[in-house]
>>> print(open('coords39.cif').read())   # mmCIF, C-alpha atoms (C1' of nucleotides)
data_entry
loop_
_atom_site.label_atom_id
_atom_site.label_comp_id
_atom_site.auth_asym_id
_atom_site.auth_seq_id
_atom_site.Cartn_x
_atom_site.Cartn_y
_atom_site.Cartn_z
CA MET A 275 132.02 85.53 98.85
CA ARG A 276 128.98 84.68 100.93
CA ILE A 277 128.51 81.74 103.22
CA GLY A 278 126.78 79.50 100.71
CA GLU A 279 129.51 79.83 98.15
CA LEU A 280 132.26 79.25 100.69
CA ALA A 281 130.49 76.19 101.98
CA ALA A 282 130.05 74.81 98.48
CA ARG A 283 133.65 75.46 97.55
CA ALA A 284 134.91 73.74 100.66
CA GLY A 285 132.47 70.89 100.36
CA THR A 286 130.71 71.59 103.62
CA THR A 287 127.51 73.25 104.80
CA THR A 288 126.51 76.72 105.88
CA ARG A 289 125.45 75.29 109.19
CA THR A 290 128.97 74.06 109.78
CA LEU A 291 130.47 77.46 108.98
CA ARG A 292 128.14 79.18 111.42
CA TYR A 293 129.08 76.58 113.98
CA TYR A 294 132.79 77.25 113.46
CA GLU A 295 132.14 80.95 113.84
CA SER A 296 130.20 80.36 117.04
CA ARG A 297 133.23 78.47 118.37
CA GLY A 298 135.47 81.43 117.57
CA LEU A 299 137.20 79.55 114.80
CA LEU A 300 136.84 81.14 111.38
CA PRO A 301 135.27 84.49 112.26
CA ALA A 302 133.53 86.33 109.44
CA ARG A 303 133.42 89.93 108.38
CA ARG A 304 130.00 91.34 107.55
CA SER A 305 128.86 93.19 104.49
CA GLY A 306 126.39 96.09 104.71
CA ASN A 307 123.31 93.91 104.73
CA GLY A 308 124.56 91.77 107.59
CA TYR A 309 125.57 88.86 105.41
CA ARG A 310 128.81 87.08 106.29
CA ALA A 311 131.60 87.98 103.88
CA TYR A 312 134.53 85.66 103.20
CA ASP A 313 137.60 85.78 100.96
CA GLU A 314 140.08 83.33 99.53
CA GLU A 315 142.09 83.41 102.71
CA ASP A 316 139.08 82.16 104.63
CA LEU A 317 138.81 79.34 102.15
CA ARG A 318 142.38 78.41 102.98
CA LEU A 319 141.62 78.44 106.69
CA LEU A 320 138.53 76.37 106.14
CA ARG A 321 140.35 73.82 104.04
CA GLN A 322 142.94 73.52 106.77
CA ILE A 323 140.22 72.86 109.31
CA ARG A 324 138.47 70.29 107.14
CA THR A 325 141.69 68.46 106.38
CA LEU A 326 142.50 68.10 110.05
CA GLN A 327 138.92 67.15 110.86
CA ASP A 328 139.10 64.42 108.28
CA PHE A 329 142.16 63.13 110.10
CA GLY A 330 140.12 62.92 113.26
CA PHE A 331 141.39 66.06 114.95
CA GLY A 332 138.91 67.73 117.26
CA LEU A 333 137.85 71.27 116.43
CA GLU A 334 139.90 72.73 119.26
CA GLU A 335 142.95 70.91 117.98
CA THR A 336 142.66 72.70 114.66
CA ARG A 337 142.77 76.10 116.33
CA PRO A 338 146.57 76.46 116.46
CA PHE A 339 146.75 75.70 112.75
CA VAL A 340 144.13 78.28 111.95
CA GLU A 341 145.79 80.89 114.13
CA CYS A 342 149.10 80.11 112.49
CA LEU A 343 147.66 80.79 109.07
CA GLN A 344 145.90 83.91 110.35
CA ALA A 345 149.25 85.14 111.64
CA GLY A 346 150.44 85.15 108.04
CA HIS A 347 152.44 81.95 107.98
CA PRO A 348 152.43 80.10 104.69
CA ALA A 349 151.37 76.80 106.26
CA GLY A 350 149.18 76.02 109.24
CA ASP A 351 151.81 73.74 110.68
CA ALA A 352 154.63 76.26 110.54
CA CYS A 353 154.15 77.19 114.19
CA PRO A 354 155.36 75.34 117.30
CA ALA A 355 151.85 75.05 118.73
CA SER A 356 150.75 73.16 115.63
CA LEU A 357 153.70 70.82 115.89
CA GLU A 358 152.77 70.17 119.49
CA VAL A 359 149.29 69.18 118.36
CA TYR A 360 150.80 66.85 115.77
CA ARG A 361 152.93 65.26 118.44
CA SER A 362 150.21 64.79 120.99
CA LYS A 363 147.89 63.47 118.31
CA LEU A 364 150.53 61.02 117.27
CA ALA A 365 150.93 59.83 120.84
CA GLU A 366 147.19 59.57 121.18
CA LEU A 367 146.93 57.57 117.98
CA ASP A 368 149.70 55.25 119.07
CA ALA A 369 148.06 54.62 122.41
CA CYS A 370 144.75 54.04 120.70
CA LEU A 371 146.28 51.67 118.19
CA GLU A 372 147.96 49.68 120.90
CA GLN A 373 144.80 49.33 122.90
CA LEU A 374 142.69 48.46 119.88
CA GLN A 375 145.21 45.87 118.82
CA SER A 376 145.11 44.31 122.25
CA VAL A 377 141.32 44.23 122.21
CA ARG A 378 141.35 42.80 118.73
CA ASP A 379 143.62 39.96 119.79
CA GLN A 380 141.52 39.19 122.82
CA VAL A 381 138.31 39.16 120.83
CA ALA A 382 139.93 36.94 118.22
CA ALA A 383 141.05 34.55 120.95
CA GLN A 384 137.57 34.48 122.48
CA LEU A 385 136.03 33.80 119.10
CA GLU A 386 138.43 30.99 118.37
CA ARG A 387 137.88 29.42 121.76
CA ALA A 388 134.11 29.66 121.52
CA GLU A 389 134.13 28.17 118.04
CA LEU A 390 136.30 25.29 119.18
CA GLU A 391 133.97 24.63 122.08
CA ARG A 392 130.98 24.50 119.79
CA ALA A 393 132.75 22.05 117.50
CA GLU A 394 133.67 19.96 120.52
CA LEU A 395 130.08 19.83 121.61
CA ALA A 396 128.85 18.98 118.15
CA ARG A 397 131.18 15.98 118.06
CA ALA A 398 130.22 14.91 121.57
CA ALA A 399 126.55 15.14 120.70
CA ALA A 400 127.02 13.15 117.49
CA ARG A 401 128.76 10.26 119.23
CA PRO A 402 126.74 8.41 121.90
CA GLY A 403 123.09 7.28 121.83
CA GLY A 404 121.32 9.73 119.64
CA PRO A 405 122.31 13.28 118.81
CA ALA A 406 120.38 15.65 121.02
CA PRO A 407 118.56 17.92 118.60
CA GLN A 408 119.49 21.43 119.84
CA CYS A 409 121.65 23.17 122.38
CA GLU A 410 121.75 20.91 125.43
CA LEU A 411 125.03 22.10 126.77
CA SER A 412 124.51 21.82 130.49
CA THR A 413 127.50 19.53 131.08
CA VAL A 414 130.18 21.86 129.82
CA ARG A 415 131.97 24.40 131.93
CA GLY A 416 132.60 27.50 129.92
CA PRO A 417 135.67 29.45 130.96
CA GLN A 418 134.02 32.73 131.73
CA THR A 419 135.45 36.06 130.72
CA SER A 420 135.85 37.65 134.13
CA MET B 91 120.42 41.41 146.76
CA ARG B 92 119.41 45.00 146.17
CA ILE B 93 120.66 47.35 143.51
CA GLY B 94 123.37 48.98 145.58
CA GLU B 95 125.00 45.70 146.51
CA LEU B 96 124.88 44.38 142.95
CA ALA B 97 126.40 47.59 141.65
CA ALA B 98 129.17 47.43 144.24
CA ARG B 99 129.92 43.77 143.57
CA ALA B 100 130.14 44.41 139.83
CA GLY B 101 132.12 47.58 140.23
CA THR B 102 129.54 49.82 138.63
CA THR B 103 126.83 52.23 139.72
CA THR B 104 123.13 51.98 140.50
CA ARG B 105 122.46 54.49 137.74
CA THR B 106 124.03 52.16 135.25
CA LEU B 107 121.92 49.22 136.39
CA ARG B 108 118.72 51.26 136.09
CA TYR B 109 119.87 52.32 132.66
CA TYR B 110 120.42 48.72 131.60
CA GLU B 111 116.99 47.84 132.88
CA SER B 112 115.45 50.73 130.96
CA ARG B 113 117.09 49.34 127.83
CA GLY B 114 115.54 45.94 128.45
CA LEU B 115 118.89 44.40 129.25
CA LEU B 116 119.14 42.99 132.77
CA PRO B 117 115.50 43.21 133.93
CA ALA B 118 114.93 43.06 137.67
CA ARG B 119 112.38 41.34 139.86
CA ARG B 120 110.84 43.41 142.61
CA SER B 121 110.52 42.68 146.29
CA GLY B 122 107.41 43.62 148.26
CA ASN B 123 108.48 47.18 148.92
CA GLY B 124 109.17 47.89 145.26
CA TYR B 125 112.94 47.56 145.54
CA ARG B 126 114.74 45.81 142.72
CA ALA B 127 115.82 42.30 143.68
CA TYR B 128 118.78 40.53 142.07
CA ASP B 129 120.49 37.18 142.52
CA GLU B 130 123.84 35.64 141.68
CA GLU B 131 122.72 34.87 138.17
CA ASP B 132 122.10 38.56 137.56
CA LEU B 133 125.63 39.21 138.76
CA ARG B 134 126.86 36.82 136.09
CA LEU B 135 124.84 38.60 133.43
CA LEU B 136 126.11 41.94 134.61
CA ARG B 137 129.70 40.80 134.60
CA GLN B 138 129.24 39.57 131.05
CA ILE B 139 127.91 42.96 130.02
CA ARG B 140 130.70 44.86 131.75
CA THR B 141 133.39 42.67 130.25
CA LEU B 142 132.10 43.28 126.76
CA GLN B 143 131.62 46.96 127.44
CA ASP B 144 135.24 47.17 128.54
CA PHE B 145 136.17 45.70 125.19
CA GLY B 146 134.30 48.49 123.50
CA PHE B 147 131.15 46.59 122.60
CA GLY B 148 128.04 48.70 122.43
CA LEU B 149 125.21 47.85 124.80
CA GLU B 150 123.11 46.36 122.03
CA GLU B 151 126.00 44.14 121.05
CA THR B 152 126.04 42.59 124.49
CA ARG B 153 122.40 41.58 124.23
CA PRO B 154 122.97 38.23 122.46
CA PHE B 155 125.45 37.23 125.16
CA VAL B 156 123.03 38.13 127.92
CA GLU B 157 120.18 36.29 126.24
CA CYS B 158 122.44 33.30 125.77
CA LEU B 159 123.18 33.18 129.47
CA GLN B 160 119.52 33.76 130.29
CA ALA B 161 118.67 30.76 128.09
CA GLY B 162 120.69 28.63 130.46
CA HIS B 163 123.90 28.27 128.51
CA PRO B 164 127.05 28.05 130.56
CA ALA B 165 128.79 30.84 128.68
CA GLY B 166 127.46 33.95 127.00
CA ASP B 167 129.33 33.13 123.82
CA ALA B 168 127.97 29.61 123.48
CA CYS B 169 125.29 30.75 121.03
CA PRO B 170 125.63 31.50 117.30
CA ALA B 171 124.33 35.04 117.67
CA SER B 172 127.15 35.83 120.07
CA LEU B 173 129.71 34.39 117.70
CA GLU B 174 128.31 36.59 114.97
CA VAL B 175 128.82 39.61 117.19
CA TYR B 176 132.40 38.51 117.83
CA ARG B 177 132.98 38.21 114.11
CA SER B 178 131.47 41.52 113.13
CA LYS B 179 133.32 43.22 115.98
CA LEU B 180 136.52 41.69 114.79
CA ALA B 181 135.91 42.99 111.29
CA GLU B 182 135.06 46.39 112.69
CA LEU B 183 138.21 46.45 114.78
CA ASP B 184 140.33 45.46 111.82
CA ALA B 185 138.85 48.19 109.67
CA CYS B 186 139.33 50.69 112.45
CA LEU B 187 142.91 49.61 113.02
CA GLU B 188 143.69 49.92 109.36
CA GLN B 189 142.27 53.40 109.12
CA LEU B 190 143.91 54.58 112.31
CA GLN B 191 147.23 53.23 111.14
CA SER B 192 146.86 55.11 107.89
CA VAL B 193 146.02 58.33 109.70
CA ARG B 194 148.89 57.78 112.09
CA ASP B 195 151.35 57.44 109.24
CA GLN B 196 150.06 60.52 107.51
CA VAL B 197 150.24 62.59 110.68
CA ALA B 198 153.75 61.31 111.33
CA ALA B 199 154.74 62.30 107.81
CA GLN B 200 153.26 65.76 108.21
CA LEU B 201 155.05 66.21 111.50
CA GLU B 202 158.36 65.15 110.05
CA ARG B 203 157.96 67.42 107.06
CA ALA B 204 156.95 70.39 109.16
CA GLU B 205 159.87 69.87 111.52
CA LEU B 206 162.28 69.66 108.63
CA GLU B 207 160.92 72.86 107.21
CA ARG B 208 161.37 74.66 110.48
CA ALA B 209 164.96 73.44 110.73
CA GLU B 210 165.52 74.60 107.16
CA LEU B 211 164.24 78.04 108.00
CA ALA B 212 166.29 78.27 111.15
CA ARG B 213 169.44 77.57 109.15
CA ALA B 214 168.45 80.02 106.44
CA ALA B 215 167.77 82.70 109.05
CA ALA B 216 171.10 82.08 110.78
CA ARG B 217 173.14 82.47 107.62
CA PRO B 218 172.88 85.85 105.86
CA GLY B 219 172.95 89.35 107.36
CA GLY B 220 171.66 88.94 110.86
CA PRO B 221 169.32 86.29 112.21
CA ALA B 222 165.83 87.72 112.22
CA PRO B 223 164.64 87.44 115.82
CA GLN B 224 161.31 85.60 115.53
CA CYS B 225 159.01 84.06 112.95
CA GLU B 226 159.49 86.13 109.81
CA LEU B 227 158.68 83.43 107.34
CA SER B 228 156.87 85.35 104.64
CA THR B 229 159.22 84.32 101.81
CA VAL B 230 158.70 80.59 102.07
CA ARG B 231 156.10 78.65 100.23
CA GLY B 232 154.77 75.85 102.38
CA PRO B 233 153.34 72.82 100.56
CA GLN B 234 149.80 72.96 101.87
CA THR B 235 147.88 69.96 103.09
CA SER B 236 145.06 69.94 100.63
"C1'" DG C 241 110.20 59.50 167.02
"C1'" DC C 242 114.02 60.62 164.56
"C1'" DT C 243 118.19 60.32 161.95
"C1'" DG C 244 120.64 58.23 158.32
"C1'" DG C 245 121.07 55.22 154.62
"C1'" DC C 246 119.15 52.94 151.16
"C1'" DC C 247 115.63 52.82 147.62
"C1'" DT C 248 112.05 54.77 143.99
"C1'" DT C 249 110.81 57.61 139.65
"C1'" DG C 250 111.52 61.50 136.67
"C1'" DA C 251 113.86 64.85 134.39
"C1'" DC C 252 117.67 67.34 132.81
"C1'" DG C 253 122.97 67.75 131.70
"C1'" DT C 254 127.17 66.02 129.43
"C1'" DC C 255 130.28 65.74 125.06
"C1'" DC C 256 130.76 66.68 119.84
"C1'" DG C 257 129.74 68.27 115.48
"C1'" DG C 258 126.63 69.65 113.59
"C1'" DG C 259 121.04 68.84 111.36
"C1'" DG C 260 116.61 70.86 110.83
"C1'" DC C 261 113.14 74.13 111.19
"C1'" DA C 262 110.80 78.69 111.89
"C1'" DA C 263 110.18 83.50 111.17
"C1'" DG C 264 111.84 87.04 108.99
"C1'" DG C 265 115.30 90.20 106.09
"C1'" DT C 266 117.59 90.98 101.36
"C1'" DC C 267 118.70 90.79 96.73
"C1'" DT C 268 118.01 89.60 91.76
"C1'" DA C 269 115.28 88.58 87.72
"C1'" DC C 270 111.33 88.91 85.23
"C1'" DG D 128 105.54 93.82 92.22
"C1'" DT D 129 106.50 89.52 93.13
"C1'" DA D 130 108.62 84.96 93.02
"C1'" DG D 131 112.46 82.57 94.44
"C1'" DA D 132 117.03 82.05 96.08
"C1'" DC D 133 119.79 83.41 99.45
"C1'" DC D 134 120.79 85.19 104.01
"C1'" DT D 135 119.93 86.15 109.31
"C1'" DT D 136 119.14 84.56 114.35
"C1'" DG D 137 117.38 81.35 117.57
"C1'" DC D 138 115.96 77.18 119.18
"C1'" DC D 139 115.43 72.24 119.75
"C1'" DC D 140 117.20 67.51 118.12
"C1'" DC D 141 120.56 63.42 117.46
"C1'" DG D 142 123.36 59.41 119.71
"C1'" DG D 143 125.69 56.61 123.77
"C1'" DA D 144 126.22 55.73 128.22
"C1'" DC D 145 125.55 57.29 131.70
"C1'" DG D 146 126.04 61.65 135.84
"C1'" DT D 147 123.45 64.55 138.73
"C1'" DC D 148 119.99 66.36 141.11
"C1'" DA D 149 115.06 66.50 143.31
"C1'" DA D 150 111.23 64.84 145.83
"C1'" DG D 151 109.66 61.31 148.24
"C1'" DG D 152 109.15 56.05 150.20
"C1'" DC D 153 111.09 52.28 153.21
"C1'" DC D 154 113.64 50.36 156.88
"C1'" DA D 155 117.14 49.79 160.76
"C1'" DG D 156 119.05 51.39 164.97
"C1'" DC D 157 118.97 54.29 169.02
#
>>> encode(input="coords39.cif", output="structure tokens")
Amino acid sequence: MRIGELAARAGTTTRTLRYYESRGLLPARRSGNGYRAYDEEDLRLLRQIRTLQDFGFGLEETRPFVECLQAGHPAGDACPASLEVYRSKLAELDACLEQLQSVRDQVAAQLERAELERAELARAAARPGGPAPQCELSTVRGPQTS
Amino acid sequence: MRIGELAARAGTTTRTLRYYESRGLLPARRSGNGYRAYDEEDLRLLRQIRTLQDFGFGLEETRPFVECLQAGHPAGDACPASLEVYRSKLAELDACLEQLQSVRDQVAAQLERAELERAELARAAARPGGPAPQCELSTVRGPQTS
DNA sequence: GCTGGCCTTGACGTCCGGGGCAAGGTCTAC
DNA sequence: GTAGACCTTGCCCCGGACGTCAAGGCCAGC
């Protein structure tokens, strides 16, 4: 199988395969004319890489899985190094989730506060003499995000 | 106030301030010798930018807040455009959280499965004739992540 | 006058996962 | 023999938010 076919079968591009090879992941044999030659096993390796990439793993993080398959194991995650990557990724995801959740809550709070303040001002402007036409908010202290 | 002092007071670097200026955010007046000249108001703008950046807002997303302050409003989020940014950021964060959570669960499931399989194999290897010393797993079919 | 510290602009490097193009080699079909 | 599809290497490009020089200007203190 040549590079184009492998790329098509894995749903990726030839450029990507050459990039993986340049990174030392997914090396290719060469046929007589210099073309890269792949087999079904390479397709397996490639699918493993793509699956992990889709999960957000970095290329380097897929390496243990690829090496595990290359070593003849039936699954890329049959080796301890792969499990370690799973674990550290899990920790990373948890940390990321926690931080994002915290940011989300703070942004939501800011939005709510700012919306309330605008409503407040709209009411204040509608009350006394005449409603000031647009945005004359100089009397209000805004609690500043600091 | 010159660039170094502003950077120090905002806890950032001169490079960053020049970058912001190059992006049209936080423009600077110039004193006679060509040095950038800033005042307390610029410090407020800069703090607004940094706060949002710390929340993960892109530079462009901070622009409405900065313009709001520049327009004389007491808070950067007193303007509708800023509220819109809050809202779209919130939606973005929620989508991101959802996806990350899904990935997290899938990775956790993979990890659990792979650990179980290893335990299975360890028991199988310990039972029959003699325990094979290391990693001879060629008889087991691993359900592949596909 | 000289050193040291601050400032200026400009240009290139970083990280990541490739995209895109050029110039040329190779194979197949007609 | 020649068109067209495929392959090769090599090189520069992207984005985002800066870091890191390099070469030179300005100013204060001694």
>>> atom_distance(input="coords39.cif", atom1="CA of Glu391 in chain A", atom2="CA of Ala181 in chain B")
21.4 Å
>>> resolve_selection(input="coords39.cif", expression="the PyMOL selection byres ((chain D and resi 143) around 12)", output="VMD selection string")
(chain B and resid 109 113 143 146 to 150) or (chain C and resid 254 to 256) or (chain D and resid 141 to 142 144 to 145)
>>> interface_residues(input="coords39.cif", of="chain A", to="chain C", cutoff="10 Å", atoms="all atoms listed in the file", output="list of chain:residue names")
A:Thr287, A:Arg289, A:Thr290, A:Leu291, A:Arg292, A:Tyr293, A:Tyr294, A:Asn307, A:Gly308, A:Tyr309, A:Gly332, A:Leu333
>>> residues_around(input="coords39.cif", residues="range 341-344 of chain A", least_positions_apart="5", cutoff="10 Å", atoms="only C-alpha atoms (C1' of nucleotides)", output="short mmCIF file (atom, residue, chain, number, x, y, z; two decimals) with C-alpha atoms, in the frame of the given file")
data_model
loop_
_atom_site.label_atom_id
_atom_site.label_comp_id
_atom_site.auth_asym_id
_atom_site.auth_seq_id
_atom_site.Cartn_x
_atom_site.Cartn_y
_atom_site.Cartn_z
CA LEU A 299 137.20 79.55 114.80
CA LEU A 300 136.84 81.14 111.38
CA GLU A 315 142.09 83.41 102.71
CA ASP A 316 139.08 82.16 104.63
CA ARG A 318 142.38 78.41 102.98
CA LEU A 319 141.62 78.44 106.69
CA GLN A 322 142.94 73.52 106.77
CA THR A 336 142.66 72.70 114.66
CA ALA A 349 151.37 76.80 106.26
CA GLY A 350 149.18 76.02 109.24
CA ASP A 351 151.81 73.74 110.68
CA ALA A 352 154.63 76.26 110.54
CA CYS A 353 154.15 77.19 114.19
CA PRO A 354 155.36 75.34 117.30
CA ALA A 355 151.85 75.05 118.73
CA SER A 356 150.75 73.16 115.63
#
>>> calpha_fit_and_write(input="coords39.cif", fixed="chain B", moving="chain A", output="JSON list (two decimals) with C-alpha atoms, in the frame of the given file")
[["chain", "number", "residue", "atom", "x", "y", "z"],
["A", 275, "MET", "CA", 120.21, 41.02, 146.72],
["A", 276, "ARG", "CA", 119.21, 44.63, 146.22],
["A", 277, "ILE", "CA", 120.48, 47.04, 143.63],
["A", 278, "GLY", "CA", 123.16, 48.62, 145.78],
["A", 279, "GLU", "CA", 124.76, 45.34, 146.66],
["A", 280, "LEU", "CA", 124.70, 44.10, 143.08],
["A", 281, "ALA", "CA", 126.24, 47.33, 141.89],
["A", 282, "ALA", "CA", 128.97, 47.13, 144.51],
["A", 283, "ARG", "CA", 129.74, 43.52, 143.74],
["A", 284, "ALA", "CA", 130.01, 44.21, 140.05],
["A", 285, "GLY", "CA", 131.97, 47.38, 140.55],
["A", 286, "THR", "CA", 129.40, 49.64, 138.96],
["A", 287, "THR", "CA", 126.66, 52.02, 140.08],
["A", 288, "THR", "CA", 122.97, 51.74, 140.80],
["A", 289, "ARG", "CA", 122.34, 54.33, 138.16],
["A", 290, "THR", "CA", 123.95, 52.08, 135.58],
["A", 291, "LEU", "CA", 121.82, 49.10, 136.61],
["A", 292, "ARG", "CA", 118.64, 51.14, 136.30],
["A", 293, "TYR", "CA", 119.84, 52.30, 132.92],
["A", 294, "TYR", "CA", 120.42, 48.71, 131.77],
["A", 295, "GLU", "CA", 116.95, 47.81, 132.97],
["A", 296, "SER", "CA", 115.46, 50.75, 131.11],
["A", 297, "ARG", "CA", 117.15, 49.44, 127.96],
["A", 298, "GLY", "CA", 115.57, 46.03, 128.49],
["A", 299, "LEU", "CA", 118.90, 44.46, 129.30],
["A", 300, "LEU", "CA", 119.10, 42.96, 132.77],
["A", 301, "PRO", "CA", 115.47, 43.14, 133.90],
["A", 302, "ALA", "CA", 114.84, 42.90, 137.63],
["A", 303, "ARG", "CA", 112.28, 41.11, 139.70],
["A", 304, "ARG", "CA", 110.66, 43.11, 142.48],
["A", 305, "SER", "CA", 110.29, 42.28, 146.12],
["A", 306, "GLY", "CA", 107.14, 43.19, 148.07],
["A", 307, "ASN", "CA", 108.23, 46.72, 148.83],
["A", 308, "GLY", "CA", 108.97, 47.53, 145.21],
["A", 309, "TYR", "CA", 112.71, 47.20, 145.56],
["A", 310, "ARG", "CA", 114.58, 45.52, 142.71],
["A", 311, "ALA", "CA", 115.64, 41.99, 143.62],
["A", 312, "TYR", "CA", 118.63, 40.29, 142.01],
["A", 313, "ASP", "CA", 120.34, 36.91, 142.40],
["A", 314, "GLU", "CA", 123.69, 35.39, 141.57],
["A", 315, "GLU", "CA", 122.59, 34.71, 138.04],
["A", 316, "ASP", "CA", 122.00, 38.41, 137.52],
["A", 317, "LEU", "CA", 125.50, 39.03, 138.76],
["A", 318, "ARG", "CA", 126.75, 36.69, 136.07],
["A", 319, "LEU", "CA", 124.77, 38.54, 133.42],
["A", 320, "LEU", "CA", 126.04, 41.84, 134.69],
["A", 321, "ARG", "CA", 129.64, 40.71, 134.70],
["A", 322, "GLN", "CA", 129.21, 39.55, 131.13],
["A", 323, "ILE", "CA", 127.90, 42.96, 130.16],
["A", 324, "ARG", "CA", 130.69, 44.82, 131.94],
["A", 325, "THR", "CA", 133.37, 42.63, 130.42],
["A", 326, "LEU", "CA", 132.12, 43.31, 126.92],
["A", 327, "GLN", "CA", 131.67, 47.00, 127.68],
["A", 328, "ASP", "CA", 135.25, 47.16, 128.81],
["A", 329, "PHE", "CA", 136.21, 45.73, 125.44],
["A", 330, "GLY", "CA", 134.39, 48.58, 123.78],
["A", 331, "PHE", "CA", 131.23, 46.73, 122.80],
["A", 332, "GLY", "CA", 128.12, 48.87, 122.66],
["A", 333, "LEU", "CA", 125.27, 47.98, 124.99],
["A", 334, "GLU", "CA", 123.18, 46.56, 122.16],
["A", 335, "GLU", "CA", 126.07, 44.35, 121.15],
["A", 336, "THR", "CA", 126.07, 42.73, 124.57],
["A", 337, "ARG", "CA", 122.42, 41.74, 124.26],
["A", 338, "PRO", "CA", 122.97, 38.43, 122.44],
["A", 339, "PHE", "CA", 125.43, 37.38, 125.13],
["A", 340, "VAL", "CA", 123.00, 38.22, 127.87],
["A", 341, "GLU", "CA", 120.16, 36.43, 126.14],
["A", 342, "CYS", "CA", 122.40, 33.43, 125.63],
["A", 343, "LEU", "CA", 123.11, 33.23, 129.33],
["A", 344, "GLN", "CA", 119.44, 33.81, 130.14],
["A", 345, "ALA", "CA", 118.59, 30.88, 127.88],
["A", 346, "GLY", "CA", 120.59, 28.69, 130.24],
["A", 347, "HIS", "CA", 123.80, 28.35, 128.29],
["A", 348, "PRO", "CA", 126.93, 28.07, 130.38],
["A", 349, "ALA", "CA", 128.71, 30.88, 128.54],
["A", 350, "GLY", "CA", 127.42, 34.04, 126.92],
["A", 351, "ASP", "CA", 129.30, 33.27, 123.74],
["A", 352, "ALA", "CA", 127.91, 29.77, 123.31],
["A", 353, "CYS", "CA", 125.27, 30.98, 120.87],
["A", 354, "PRO", "CA", 125.64, 31.78, 117.16],
["A", 355, "ALA", "CA", 124.35, 35.33, 117.59],
["A", 356, "SER", "CA", 127.17, 36.04, 120.03],
["A", 357, "LEU", "CA", 129.73, 34.64, 117.65],
["A", 358, "GLU", "CA", 128.34, 36.88, 114.95],
["A", 359, "VAL", "CA", 128.87, 39.87, 117.23],
["A", 360, "TYR", "CA", 132.44, 38.73, 117.86],
["A", 361, "ARG", "CA", 133.02, 38.50, 114.14],
["A", 362, "SER", "CA", 131.55, 41.83, 113.22],
["A", 363, "LYS", "CA", 133.38, 43.46, 116.10],
["A", 364, "LEU", "CA", 136.59, 41.94, 114.88],
["A", 365, "ALA", "CA", 135.98, 43.29, 111.40],
["A", 366, "GLU", "CA", 135.14, 46.66, 112.84],
["A", 367, "LEU", "CA", 138.30, 46.68, 114.92],
["A", 368, "ASP", "CA", 140.40, 45.69, 111.95],
["A", 369, "ALA", "CA", 138.95, 48.44, 109.82],
["A", 370, "CYS", "CA", 139.45, 50.92, 112.62],
["A", 371, "LEU", "CA", 143.02, 49.81, 113.16],
["A", 372, "GLU", "CA", 143.82, 50.14, 109.50],
["A", 373, "GLN", "CA", 142.40, 53.61, 109.28],
["A", 374, "LEU", "CA", 144.06, 54.76, 112.48],
["A", 375, "GLN", "CA", 147.37, 53.39, 111.29],
["A", 376, "SER", "CA", 147.02, 55.27, 108.04],
["A", 377, "VAL", "CA", 146.20, 58.49, 109.87],
["A", 378, "ARG", "CA", 149.07, 57.93, 112.23],
["A", 379, "ASP", "CA", 151.51, 57.57, 109.36],
["A", 380, "GLN", "CA", 150.21, 60.67, 107.65],
["A", 381, "VAL", "CA", 150.41, 62.73, 110.81],
["A", 382, "ALA", "CA", 153.93, 61.45, 111.44],
["A", 383, "ALA", "CA", 154.91, 62.43, 107.90],
["A", 384, "GLN", "CA", 153.40, 65.89, 108.31],
["A", 385, "LEU", "CA", 155.22, 66.37, 111.59],
["A", 386, "GLU", "CA", 158.52, 65.30, 110.12],
["A", 387, "ARG", "CA", 158.09, 67.55, 107.11],
["A", 388, "ALA", "CA", 157.10, 70.55, 109.20],
["A", 389, "GLU", "CA", 160.02, 70.02, 111.55],
["A", 390, "LEU", "CA", 162.44, 69.79, 108.64],
["A", 391, "GLU", "CA", 161.05, 72.99, 107.19],
["A", 392, "ARG", "CA", 161.53, 74.81, 110.45],
["A", 393, "ALA", "CA", 165.12, 73.61, 110.67],
["A", 394, "GLU", "CA", 165.66, 74.72, 107.10],
["A", 395, "LEU", "CA", 164.39, 78.16, 107.89],
["A", 396, "ALA", "CA", 166.46, 78.42, 111.03],
["A", 397, "ARG", "CA", 169.60, 77.71, 109.01],
["A", 398, "ALA", "CA", 168.60, 80.13, 106.27],
["A", 399, "ALA", "CA", 167.94, 82.84, 108.82],
["A", 400, "ALA", "CA", 171.26, 82.23, 110.57],
["A", 401, "ARG", "CA", 173.29, 82.57, 107.38],
["A", 402, "PRO", "CA", 173.09, 85.94, 105.58],
["A", 403, "GLY", "CA", 173.20, 89.47, 107.03],
["A", 404, "GLY", "CA", 171.75, 89.20, 110.46],
["A", 405, "PRO", "CA", 169.39, 86.58, 111.80],
["A", 406, "ALA", "CA", 165.86, 87.92, 111.70],
["A", 407, "PRO", "CA", 164.66, 87.69, 115.28],
["A", 408, "GLN", "CA", 161.33, 85.82, 114.95],
["A", 409, "CYS", "CA", 159.17, 84.09, 112.41],
["A", 410, "GLU", "CA", 159.64, 85.98, 109.14],
["A", 411, "LEU", "CA", 158.79, 83.15, 106.86],
["A", 412, "SER", "CA", 157.12, 84.93, 103.99],
["A", 413, "THR", "CA", 159.50, 83.58, 101.33],
["A", 414, "VAL", "CA", 158.78, 79.91, 101.81],
["A", 415, "ARG", "CA", 156.06, 78.02, 100.05],
["A", 416, "GLY", "CA", 154.55, 75.50, 102.39],
["A", 417, "PRO", "CA", 153.14, 72.43, 100.69],
["A", 418, "GLN", "CA", 149.61, 72.67, 101.92],
["A", 419, "THR", "CA", 147.62, 69.72, 103.13],
["A", 420, "SER", "CA", 144.74, 69.82, 100.67]]
>>> atom_distance(input="coords39.cif", atom1="CA of Leu320 in chain A", atom2="CA of Ala198 in chain B")
22.0 Å
>>> residues_around(input="coords39.cif", residues="Leu280 in chain A", least_positions_apart="4", cutoff="9 Å", atoms="all atoms listed in the file", output="list in words")
Met275, Arg276, Ala284, Gly285, Thr286, Thr287, Thr288, Leu291, Tyr312, Asp313, Glu314, Asp316, Leu317 and Leu320 of chain A
